[in-house]
Amino acid sequence: MSGRTKVILALTVLALFVAAAVLLPIPSPAGLRAWAAGLGPATPLVFFLLYSVLTVAPIPRTVFNLAGGLLLGATTGIVVGILATTVASGLSFALSRALGRDLVTRHLHRAKVRAVNDRLSDGGVLAITSLRLIPMVPFAPFSYLCGVSSVRFVPYLIGTALGSLPGTVAVVVLGDALTGETPPALLICYAVFAAAGAIGLIRVFRRKAVPAAEPVGEEETPASASAS
């Protein structure tokens with residue numbers, strides 16, 4: 001497949017994802033209960049499949065986590081939510097890497113593109129976990145970004161699972177927020193997660209800055225020795 005074909009296909013897929021996120025209706029709590037009652041014991045499996053596939057598009061995970069808490073209960077809702085999150089993130093990553101990686105590779109000579117790529121790839125699990133903890137970082141677009149970067153797949157999945165777990169637990173447990181209002185406790189949780197993510201990113205940036213300073217000291221040693 002040529003580079004131009006990949007770009008056209010990637011833009012088409014992205015347009016379809018955005019359209020799905022905008023046009024797909026959000027069911028009411030009563031509608032969800034009726035849907036689950038019709039499925040019976042198959043509800044967790046069907047819900048897992050829908051969550052895994054639909055959140056590849058930029059549809060907020062919060063909707064599915066709230067529905068999981070409402071339909072499946074806390075324990076099952078958390079297990080299904082984190083498994084579906086990991087699967088969806090892996091699908092998004094693979095799709096983005098297959099269609100968009102070549103395009104980004106051609107622009108790695110640009111300083112800004114290379115800087116973003118290096119931060120993500122060198123930060124490893126900690127960088128992915130920290131960014132997943134920050135609620136303001138959208139789930140699907142960040143997955144696409146990681147897919148076109150040099151981030152390795154396994155650290156990406158581990159970081160996604162770890163960083164998504166606290167938010168998933170909080171939203172599933174507060175599944176009754178589907179009444180239409182965001183409870184203050186959930187806002188407090190989001191603030192704590194964002195602070196934890198920011199601290200993690202600071203550690204990533206500091207850890208990356210340390211090796212850059214080491215060659216200076218090594219270069220100064222021979223000079224100082226010759227001066228003496």
# chains A, B, ... in the order shown; residues from 1 in each chain; ligands from 1

$ residues_around --residues "A:Ser89" --least-positions-apart "5" --cutoff "9 Å" --atoms "only C-alpha atoms" --output "list in words"
Ser52, Thr55, Val56, Ala84, Ala94, Phe139, Ala140, Ser143, Tyr144, Tyr156, Leu157 and Thr160 of chain A

$ write_last_selection --atoms "N, CA, C and O atoms" --output "compact mmCIF listing (two decimals), in the first residue's frame"
# COMPACT_ATOMS: atom_id res chain seq x y z
N SER A 52 -15.23 -2.34 23.76
CA SER A 52 -13.92 -2.50 23.12
C SER A 52 -13.90 -1.92 21.71
O SER A 52 -12.90 -1.32 21.29
N THR A 55 -15.16 2.37 21.56
CA THR A 55 -14.23 3.37 22.09
C THR A 55 -12.94 3.47 21.29
O THR A 55 -12.06 4.27 21.63
N VAL A 56 -12.80 2.66 20.24
CA VAL A 56 -11.72 2.92 19.28
C VAL A 56 -11.96 4.26 18.60
O VAL A 56 -11.03 5.00 18.29
N ALA A 84 -11.83 -3.96 28.61
CA ALA A 84 -12.27 -3.34 27.36
C ALA A 84 -11.43 -2.12 27.02
O ALA A 84 -11.12 -1.87 25.85
N ALA A 94 -2.83 -0.13 17.09
CA ALA A 94 -2.46 -0.93 15.91
C ALA A 94 -2.97 -0.29 14.63
O ALA A 94 -2.26 -0.24 13.61
N PHE A 139 -8.93 9.96 25.48
CA PHE A 139 -8.47 8.58 25.40
C PHE A 139 -8.09 8.16 23.98
O PHE A 139 -6.95 7.77 23.72
N ALA A 140 -9.03 8.22 23.05
CA ALA A 140 -8.77 7.71 21.69
C ALA A 140 -7.72 8.52 20.94
O ALA A 140 -6.79 7.93 20.37
N SER A 143 -4.37 7.53 22.03
CA SER A 143 -4.01 6.21 21.51
C SER A 143 -3.49 6.32 20.08
O SER A 143 -2.51 5.67 19.70
N TYR A 144 -4.15 7.17 19.27
CA TYR A 144 -3.70 7.37 17.89
C TYR A 144 -2.29 7.96 17.88
O TYR A 144 -1.43 7.55 17.09
N TYR A 156 3.22 0.50 26.26
CA TYR A 156 2.02 1.32 26.03
C TYR A 156 0.79 0.66 26.66
O TYR A 156 0.00 1.33 27.34
N LEU A 157 0.61 -0.64 26.46
CA LEU A 157 -0.56 -1.33 27.02
C LEU A 157 -0.50 -1.35 28.54
O LEU A 157 -1.52 -1.14 29.21
N THR A 160 -1.29 2.09 29.81
CA THR A 160 -2.71 2.38 29.63
C THR A 160 -3.55 1.71 30.70
O THR A 160 -4.44 2.33 31.30

$ closest_residue --among "A:Gly73, A:Pro141, A:Gly123, A:Gly147" --to "A:Ala98" --atoms "only C-alpha atoms"
A:Gly147

$ atom_distance --atom1 "atom CA of A:Leu165" --atom2 "atom CA of A:Phe142"
16.3 Å

$ decode --residues "stretch 71-85 of chain A" --atoms "C-alpha atoms" --output "compact mmCIF listing (two decimals), in the first residue's frame"
# COMPACT_ATOMS: atom_id res chain seq x y z
CA LEU A 71 -25.76 -2.57 34.58
CA LEU A 72 -23.04 -4.88 35.89
CA GLY A 73 -22.33 -3.66 39.40
CA ALA A 74 -19.05 -2.43 40.82
CA THR A 75 -16.87 -5.55 40.65
CA THR A 76 -17.92 -6.87 37.23
CA GLY A 77 -18.16 -3.35 35.85
CA ILE A 78 -14.57 -2.57 36.86
CA VAL A 79 -13.18 -5.85 35.43
CA VAL A 80 -15.06 -5.45 32.15
CA GLY A 81 -14.20 -1.76 31.97
CA ILE A 82 -10.44 -2.12 32.37
CA LEU A 83 -10.25 -5.14 30.03
CA ALA A 84 -12.27 -3.34 27.36
CA THR A 85 -10.18 -0.21 27.82
